[in-house]
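The structure under discussion appears below in the form of structure tokens.
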Amino acid sequence: MISVTMLTPLDLKLFRDLGRMKGQVVAVGLVMACGLAMMIMTRSLILTLEGTRDAYYQTYRMADIFGSLKRAPWSLKERMSEVPGVAAVETRVVLDAVLDLPGVEATCTGHLVSLPEDGEMPVINQIFLRTGRLPRPGARREAIASEAFALAHGLRPGDTVTAIINGRRDTLEITGIGLSPEFVFEARAGETLPDNKRFGVFWMNYRSLAVAYNMDGAFNDFCIDLSPGAEAGPVIQELDRLLSRYGAGGAFTRRDHASAARLDDELRVLNALSMVYPVVFLSVAAFMVNSVLARLVRLQREQIAQLKALGYSSWQVGRHYLSFAMVIVGVGSTLGGIGGRFMGGGLISMYELFFRFPELRFIMDWSAVGIALVVSAGASFLGVLSVVWMAVKLPPAEAMRPEPPTDFKPSLLERMGLTRWFTPTFRMALRNIERRPWQSIFTMAGLALATGLMVLPGSMQDSIDHLLTYQWNDVQRQDVIAFLIEPGSGAALHDLEHLPGVTYAEPIRSVQARIRFGHHVRKLAITGLPKNSRLNRLLDIQGRRIDLPDEGLIMSDKLAEVLGARLGEEVQVSVLEAQRPQLNVAIRGLMQDFTGVSAYMDLDALRRLMREGPSINGAYLSVDNAHWSEFTQKVKKTPRIAVTIVKKDQLEAFRSTTGESIGIIRRLYLVLAVIVAFGVVYNSARIALSERSRDLATLRVIGFTQREVSGVLLGELTLLVLAALPLGLLFGRALATFIISAISTETVRLPLVISGRTFSVAILVVLAAAAACFWVVSRMLSKLDMVGVLKARE
């Protein structure tokens, strides 16, 4: 413990002043802590996810290149391994199967991935076994289940599941529960949300799958590990050339892999948030520090003169007042570090809803703590620089005199004759605001920032509500999407139409393609729809229906943005199926969607492009709920159906993952916004009371009542609060626009929607914070020592 004798007189004065200002120090420190906590939390989450991902990918050898094809002989593996730049090749059989689980009515999909037949781990994309063992060599009915699916259904080693594999019911015994770096984000192809109850990955011996799907001695999927320093581009070109005759769908890098891309998108969002919120909070904190110290210097003019007269240098005086800011920085940094640690640790559970790692432990980014300390100190230093300079340059002789009185001329509104019906206290409030314009502007700016921060949480909820209505009611009007194992003719549509309970069916034909514009390329499915599609409507940004043209593409506005293409321009389409046609196609419309990126064509136009007849590989279905159980049972027994996507299941998955996670973030932002709102209003009210205690006591002495005196002070603050509200709403809209744009990626996006209710809640919260602060200040005002504050030097 530091002895009091070791403290200088200036240190003792600092502690005494801080004791008298403890409420304001805590208020400013909390606002600063909010910004620093957000910075530390997001930077630590980035470090946690990146570090865990990189270690997982390296330890379990995540592949660099992936690809699929129709069927290729096993002997081709040797030729693939000879491609320059290839270090290792893993060929396998990968297919989807329908799962029939006891007590589960919904149709579940099992993504079946083959393992080496010798019972060893794969060379690439190795499996982390949480519990159990690998299937025994030669075992035909043993499998490893993915951990997310197993947890969702309570499966353990020794349990069995029924799978319809190529039309035949097989009982699979689970020998282990595992994870793979290939499926950190576990979802069906093309889906952007995990649905662990209805989708799972199963690893089985090669012959179990090869024999069932007539693939013995062949493969339909591969993954490749590159040599150190090798470029992926030339390797992919050579692989596409080598495999084109076998129906290859086009190789792609890890960056375009669905699981890796989803994790990369999340990291991009965190990087954006790690900058925006700290800037806003620290801007508010810098303003508050400036206000507090400016008030202190004005009140301590005589003390500054006495210090200089006693021999203290200007540097010592300046350092003394700068120490006030450094104490606030210390308080804010300490609270921010603790808050960031606990908030980040709490949010880890949210990421476990989406991403599966062998272990996901929160890693504190201590460099972020150091950066936060430097940034907060810099913001505070900039905020108090002018105030400290004012204290340093104040000559002792001038400081010994009271501060010159401000101009008490009538306010602008009074000179315009607009205040004749106003009360005297209201006119005093107007004059006080006009006498200190910069202080009033800064107070309004702080209140506007607090109001704007309140808008963001509500806008996120509004966006989710709109998305649920837009995506699952306005656009997707089907009940089920059914995809076939292989494209079929019109007879396949007839079979789907006659499933139990189906009241209407619309055919779809989707093909894998690369779309290129300039140097930008994206690999995705182009979907052909019939004209005037009723079950999947294409809407533009204004919500108007887009009719499919006879020729040309309708694509997501996000896809056009990524490609850098505009309406009317032509993109190069390279189909990766069948005869692999290549041609230039014009963009005829831009649609608004919020999950993934999509491209659509007229169904007949797509068939002409593919040079094929009336083929389909799926359909949108409307199903009568009264026959839902019969429908699901029939689907499970239909071997041609590979995957069924049920809209109500997607909605449930959204609410249990994305909806829940955004709800957690929204509540966090709400708490931080309330802290800022209260801190700004309290700080402004406390400064006003300190600076004008003599004026207010004088009014009491000359006969003004307690209520009238309170009206002068609180009326001024009320005017500033009311003036700041519309500015805050505008700032809140701008902030929500920026944040929602920052978190909008190719995989998932949110619309920008801000309801009147959100604006109303923001206003009410700020007014409630103001009312609470006014009550506190009114109590202080009632205890004002009128004799003490009226004492003054001549």
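In the structure tokens, chains take the letters A, B, ... in the order shown, each chain's residues start at 1, and ligands count up from 1 in the order shown.
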
Could you give me, as a PyMOL selection string, each residue of region 173-315 of chain A that DSSP assigns to strand (DSSP E) when run on this structure's backbone? chain A and resi 173-179+199-205+218-226+252-253

Would you kindly return, as a short mmCIF file (atom, residue, chain, number, x, y, z; two decimals) with N, CA, C and O atoms, in the first residue's frame, each protein, DNA or RNA residue with an atom no farther than 7 Å from any atom of Arg749 (chain A), considering only C-alpha atoms and excluding same-chain residues fewer than 4 positions away?
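Contents of out_32.cif, freshly written:
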```cif
data_model
loop_
_atom_site.label_atom_id
_atom_site.label_comp_id
_atom_site.auth_asym_id
_atom_site.auth_seq_id
_atom_site.Cartn_x
_atom_site.Cartn_y
_atom_site.Cartn_z
N PHE A 594 -31.98 -13.23 -49.50
CA PHE A 594 -31.20 -13.00 -48.27
C PHE A 594 -30.42 -14.23 -47.82
O PHE A 594 -29.79 -14.18 -46.77
N THR A 595 -30.46 -15.31 -48.59
CA THR A 595 -29.67 -16.49 -48.24
C THR A 595 -28.95 -16.97 -49.49
O THR A 595 -29.59 -17.33 -50.48
N ILE A 743 -22.63 -6.85 -42.07
CA ILE A 743 -22.86 -8.26 -41.77
C ILE A 743 -23.52 -8.99 -42.94
O ILE A 743 -23.82 -10.18 -42.84
N SER A 744 -23.75 -8.29 -44.05
CA SER A 744 -24.34 -8.92 -45.23
C SER A 744 -23.24 -9.57 -46.06
O SER A 744 -22.34 -8.88 -46.54
N THR A 745 -23.30 -10.86 -46.21
CA THR A 745 -22.29 -11.60 -46.96
C THR A 745 -22.98 -12.39 -48.07
O THR A 745 -24.20 -12.34 -48.23
#
```

Find, counting only C-alpha atoms, the residue in A:Cys223, A:Leu553, A:Ala768, A:Leu524 that gets nearest to Leu567 (chain A).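 Closest residue, counting only C-alpha atoms: A:Leu553.
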
Looking at A:Ile616, A:Leu668, A:Leu322, A:Leu449, which one is nearest to Val721 (chain A), with distances taken over only C-alpha atoms?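 Selected residue with least distance to Val721 (chain A): A:Leu449.
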
Considering only C-alpha atoms, tabulate each residue of region 163-188 of chain A that lies at most 8 Å from region 57-81 of chain A along with its nearest interatomic pair and the corresponding distance in Å to one decimal; arrange the rows by chain and ascending residue number and present them as JSON lines.
```
{"residue": "A:Ser180", "atom": "CA", "partner": "A:Tyr60", "partner_atom": "CA", "distance": 7.6}
{"residue": "A:Pro181", "atom": "CA", "partner": "A:Met62", "partner_atom": "CA", "distance": 5.7}
{"residue": "A:Glu182", "atom": "CA", "partner": "A:Met62", "partner_atom": "CA", "distance": 6.4}
```

Write the residues you've just listed into a file as a PDB file, in the first residue's frame, and include C-alpha atoms for each of them.
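File written: out.pdb
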```
ATOM      1  CA  SER A 180     -14.317 -33.385 -39.611  1.00  0.00           C
ATOM      2  CA  PRO A 181     -12.768 -30.058 -40.680  1.00  0.00           C
ATOM      3  CA  GLU A 182     -14.735 -30.471 -43.906  1.00  0.00           C
TER       4      GLU A 182
END
```

Enter the distance from CA of Asp365 (chain A) to CA of Gly340 (chain A), in Å, rounded to one decimal.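 So the answer is 10.0 Å.
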
Give me the residues within 7 Å of Ala145 (chain A) as a ChimeraX atom specification, counting only C-alpha atoms and dropping any in the same chain fewer than 6 places off. /A:174,176-178,201-203

Would you write out those residues with N, CA, C and O atoms, as a CSV table (one decimal), in the first residue's frame?
```csv
chain,number,residue,atom,x,y,z
A,174,ILE,N,-24.0,-47.4,-35.4
A,174,ILE,CA,-23.1,-46.3,-35.1
A,174,ILE,C,-21.9,-46.8,-34.2
A,174,ILE,O,-22.1,-47.3,-33.1
A,176,GLY,N,-19.1,-44.8,-33.8
A,176,GLY,CA,-18.4,-43.7,-33.2
A,176,GLY,C,-19.1,-42.4,-33.5
A,176,GLY,O,-20.0,-42.3,-34.4
A,177,ILE,N,-18.8,-41.4,-32.8
A,177,ILE,CA,-19.3,-40.0,-33.0
A,177,ILE,C,-18.1,-39.1,-33.3
A,177,ILE,O,-17.1,-39.1,-32.6
A,178,GLY,N,-18.2,-38.4,-34.4
A,178,GLY,CA,-17.0,-37.7,-34.9
A,178,GLY,C,-17.3,-36.4,-35.5
A,178,GLY,O,-18.4,-36.0,-35.7
A,201,VAL,N,-24.0,-36.1,-41.1
A,201,VAL,CA,-22.9,-36.7,-42.0
A,201,VAL,C,-22.6,-38.1,-41.4
A,201,VAL,O,-22.5,-38.2,-40.1
A,202,PHE,N,-22.4,-39.0,-42.2
A,202,PHE,CA,-22.1,-40.4,-41.8
A,202,PHE,C,-20.9,-40.9,-42.7
A,202,PHE,O,-20.9,-40.7,-43.9
A,203,TRP,N,-19.9,-41.4,-42.0
A,203,TRP,CA,-18.7,-42.0,-42.7
A,203,TRP,C,-18.8,-43.5,-42.6
A,203,TRP,O,-19.0,-44.1,-41.5
```

What's around Asn214 (chain A) at 10 Å? Count only C-alpha atoms, leave out sequence neighbours fewer than 5 positions away in its own chain, and write the answer as a ChimeraX atom specification. /A:71,166,207,209

Could you turn the residues from that selection into a file that holds C-alpha atoms, as a tab-separated table (two decimals), in the first residue's frame?
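The resulting file, selection_26.tsv, is reproduced below:
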```
chain	number	residue	atom	x	y	z
A	71	ARG	CA	-18.32	-41.57	-62.04
A	166	ASN	CA	-30.37	-46.41	-53.30
A	207	ARG	CA	-17.31	-50.83	-50.34
A	209	LEU	CA	-21.33	-47.28	-50.46
```

Just the helix (DSSP H, G or I) stuff from region 473-622 of chain A, please, per backbone DSSP, written as a list of chain:residue names.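 Residues meeting the helix (DSSP H, G or I) criterion: A:Asn473, A:Asp474, A:Val475, A:Gly490, A:Ala491, A:Ala492, A:Leu493, A:His494, A:Asp495, A:Leu496, A:Glu497, A:Asp557, A:Lys558, A:Leu559, A:Ala560, A:Glu561, A:Val562, A:Leu563, A:Leu603, A:Asp604, A:Ala605, A:Leu606, A:Arg607, A:Arg608, A:Leu609, A:Met610.
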
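For the pair CA of Gly345 (chain A) and CA of Phe362 (chain A), the separation is 5.6 Å.
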
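Of the residues listed (A:Ala769, A:Cys108, A:Ala599, A:Ala325), A:Cys108 shows the shortest atom-to-atom separation from Thr632 (chain A); distances use only C-alpha atoms.
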
Near Gln316 (chain A), within 10 Å and counting only C-alpha atoms, which residues show up once chain neighbours fewer than 5 positions away are dropped, as number ranges by chain? A: 10, 307-308, 311, 321-322, 392

Store the residues picked out above, limited to all heavy atoms, as a PDB file, in the first residue's frame.
```
ATOM      1  N   LEU A  10      -0.254  17.641  -5.380  1.00  0.00           N
ATOM      2  CA  LEU A  10      -1.126  17.546  -6.558  1.00  0.00           C
ATOM      3  C   LEU A  10      -1.830  16.193  -6.617  1.00  0.00           C
ATOM      4  O   LEU A  10      -2.989  16.110  -7.046  1.00  0.00           O
ATOM      5  CB  LEU A  10      -0.312  17.776  -7.835  1.00  0.00           C
ATOM      6  CG  LEU A  10       0.116  19.220  -8.119  1.00  0.00           C
ATOM      7  CD1 LEU A  10       0.886  19.295  -9.432  1.00  0.00           C
ATOM      8  CD2 LEU A  10      -1.081  20.150  -8.170  1.00  0.00           C
ATOM      9  N   LEU A 307      -1.720  27.618  -7.576  1.00  0.00           N
ATOM     10  CA  LEU A 307      -0.684  26.628  -7.863  1.00  0.00           C
ATOM     11  C   LEU A 307       0.495  27.265  -8.602  1.00  0.00           C
ATOM     12  O   LEU A 307       1.664  27.006  -8.283  1.00  0.00           O
ATOM     13  CB  LEU A 307      -1.274  25.478  -8.700  1.00  0.00           C
ATOM     14  CG  LEU A 307      -2.236  24.527  -7.976  1.00  0.00           C
ATOM     15  CD1 LEU A 307      -2.878  23.565  -8.960  1.00  0.00           C
ATOM     16  CD2 LEU A 307      -1.512  23.748  -6.883  1.00  0.00           C
ATOM     17  N   LYS A 308       0.191  28.084  -9.577  1.00  0.00           N
ATOM     18  CA  LYS A 308       1.264  28.730 -10.337  1.00  0.00           C
ATOM     19  C   LYS A 308       2.008  29.746  -9.475  1.00  0.00           C
ATOM     20  O   LYS A 308       3.233  29.900  -9.579  1.00  0.00           O
ATOM     21  CB  LYS A 308       0.702  29.387 -11.593  1.00  0.00           C
ATOM     22  CG  LYS A 308       0.234  28.374 -12.641  1.00  0.00           C
ATOM     23  CD  LYS A 308      -0.165  29.045 -13.944  1.00  0.00           C
ATOM     24  CE  LYS A 308      -0.492  28.009 -14.995  1.00  0.00           C
ATOM     25  NZ  LYS A 308      -0.820  28.633 -16.294  1.00  0.00           N
ATOM     26  N   GLY A 311       4.661  28.252  -7.399  1.00  0.00           N
ATOM     27  CA  GLY A 311       5.843  27.757  -8.099  1.00  0.00           C
ATOM     28  C   GLY A 311       5.645  26.544  -8.966  1.00  0.00           C
ATOM     29  O   GLY A 311       6.604  26.044  -9.568  1.00  0.00           O
ATOM     30  N   TYR A 321      -4.102  18.003 -14.616  1.00  0.00           N
ATOM     31  CA  TYR A 321      -5.454  17.894 -15.185  1.00  0.00           C
ATOM     32  C   TYR A 321      -5.537  16.774 -16.213  1.00  0.00           C
ATOM     33  O   TYR A 321      -6.603  16.162 -16.388  1.00  0.00           O
ATOM     34  CB  TYR A 321      -5.888  19.231 -15.787  1.00  0.00           C
ATOM     35  CG  TYR A 321      -6.266  20.224 -14.715  1.00  0.00           C
ATOM     36  CD1 TYR A 321      -5.383  21.201 -14.292  1.00  0.00           C
ATOM     37  CD2 TYR A 321      -7.500  20.133 -14.095  1.00  0.00           C
ATOM     38  CE1 TYR A 321      -5.725  22.093 -13.277  1.00  0.00           C
ATOM     39  CE2 TYR A 321      -7.863  21.022 -13.074  1.00  0.00           C
ATOM     40  CZ  TYR A 321      -6.968  21.987 -12.677  1.00  0.00           C
ATOM     41  OH  TYR A 321      -7.319  22.851 -11.663  1.00  0.00           O
ATOM     42  N   LEU A 322      -4.434  16.471 -16.869  1.00  0.00           N
ATOM     43  CA  LEU A 322      -4.422  15.333 -17.773  1.00  0.00           C
ATOM     44  C   LEU A 322      -4.561  14.022 -16.993  1.00  0.00           C
ATOM     45  O   LEU A 322      -5.092  13.031 -17.509  1.00  0.00           O
ATOM     46  CB  LEU A 322      -3.121  15.328 -18.578  1.00  0.00           C
ATOM     47  CG  LEU A 322      -3.035  14.356 -19.766  1.00  0.00           C
ATOM     48  CD1 LEU A 322      -4.126  14.667 -20.787  1.00  0.00           C
ATOM     49  CD2 LEU A 322      -1.665  14.435 -20.416  1.00  0.00           C
ATOM     50  N   VAL A 392      -3.125  25.437 -18.833  1.00  0.00           N
ATOM     51  CA  VAL A 392      -1.698  25.733 -18.891  1.00  0.00           C
ATOM     52  C   VAL A 392      -1.451  27.198 -19.231  1.00  0.00           C
ATOM     53  O   VAL A 392      -0.566  27.855 -18.657  1.00  0.00           O
ATOM     54  CB  VAL A 392      -1.018  24.799 -19.920  1.00  0.00           C
ATOM     55  CG1 VAL A 392       0.396  25.286 -20.243  1.00  0.00           C
ATOM     56  CG2 VAL A 392      -0.993  23.369 -19.399  1.00  0.00           C
TER      57      VAL A 392
END
```

Using only C-alpha atoms, pick whichever of A:Thr91, A:Gln476, A:Thr171, A:Asn536 has the shortest atom-to-atom distance to Leu651 (chain A). A:Gln476

Neighbours of Gly332 (chain A) within 9 Å (only C-alpha atoms; same-chain residues fewer than 4 positions away dropped), as a compact mmCIF listing (two decimals) with N, CA and C atoms, in the first residue's frame?
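part-v2.txt was written with the following content:
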```txt
# COMPACT_ATOMS: atom_id res chain seq x y z
N VAL A 26 -17.49 7.55 -12.95
CA VAL A 26 -18.08 6.23 -13.21
C VAL A 26 -18.90 6.26 -14.49
N VAL A 28 -18.62 8.27 -17.17
CA VAL A 28 -17.74 8.33 -18.35
C VAL A 28 -16.99 7.01 -18.52
N GLY A 29 -16.51 6.45 -17.40
CA GLY A 29 -15.78 5.19 -17.48
C GLY A 29 -16.64 4.06 -18.01
N LEU A 30 -17.93 4.03 -17.66
CA LEU A 30 -18.82 2.99 -18.16
C LEU A 30 -19.03 3.11 -19.66
N VAL A 31 -19.22 4.35 -20.14
CA VAL A 31 -19.40 4.54 -21.59
C VAL A 31 -18.15 4.10 -22.33
N MET A 32 -17.00 4.51 -21.81
CA MET A 32 -15.74 4.09 -22.44
C MET A 32 -15.58 2.57 -22.36
N ALA A 33 -15.97 1.99 -21.23
CA ALA A 33 -15.85 0.54 -21.06
C ALA A 33 -16.71 -0.21 -22.07
N CYS A 34 -17.86 0.34 -22.41
CA CYS A 34 -18.73 -0.32 -23.39
C CYS A 34 -18.02 -0.46 -24.73
N LEU A 36 -14.74 -0.29 -25.32
CA LEU A 36 -13.56 -1.14 -25.20
C LEU A 36 -13.96 -2.61 -25.05
N VAL A 327 -7.09 8.69 -15.29
CA VAL A 327 -7.82 7.88 -14.31
C VAL A 327 -9.08 7.30 -14.94
N ILE A 328 -9.78 8.13 -15.72
CA ILE A 328 -10.99 7.64 -16.40
C ILE A 328 -10.63 6.55 -17.40
N GLY A 336 -13.70 -2.38 -19.21
CA GLY A 336 -13.83 -2.88 -20.57
C GLY A 336 -13.16 -4.23 -20.76
N GLY A 337 -11.97 -4.39 -20.16
CA GLY A 337 -11.28 -5.68 -20.26
C GLY A 337 -12.07 -6.79 -19.60
N LEU A 373 -6.32 0.05 -24.63
CA LEU A 373 -5.77 1.04 -23.70
C LEU A 373 -5.19 2.23 -24.46
N SER A 376 -8.15 4.21 -26.17
CA SER A 376 -8.95 4.99 -25.21
C SER A 376 -8.14 6.17 -24.68
```
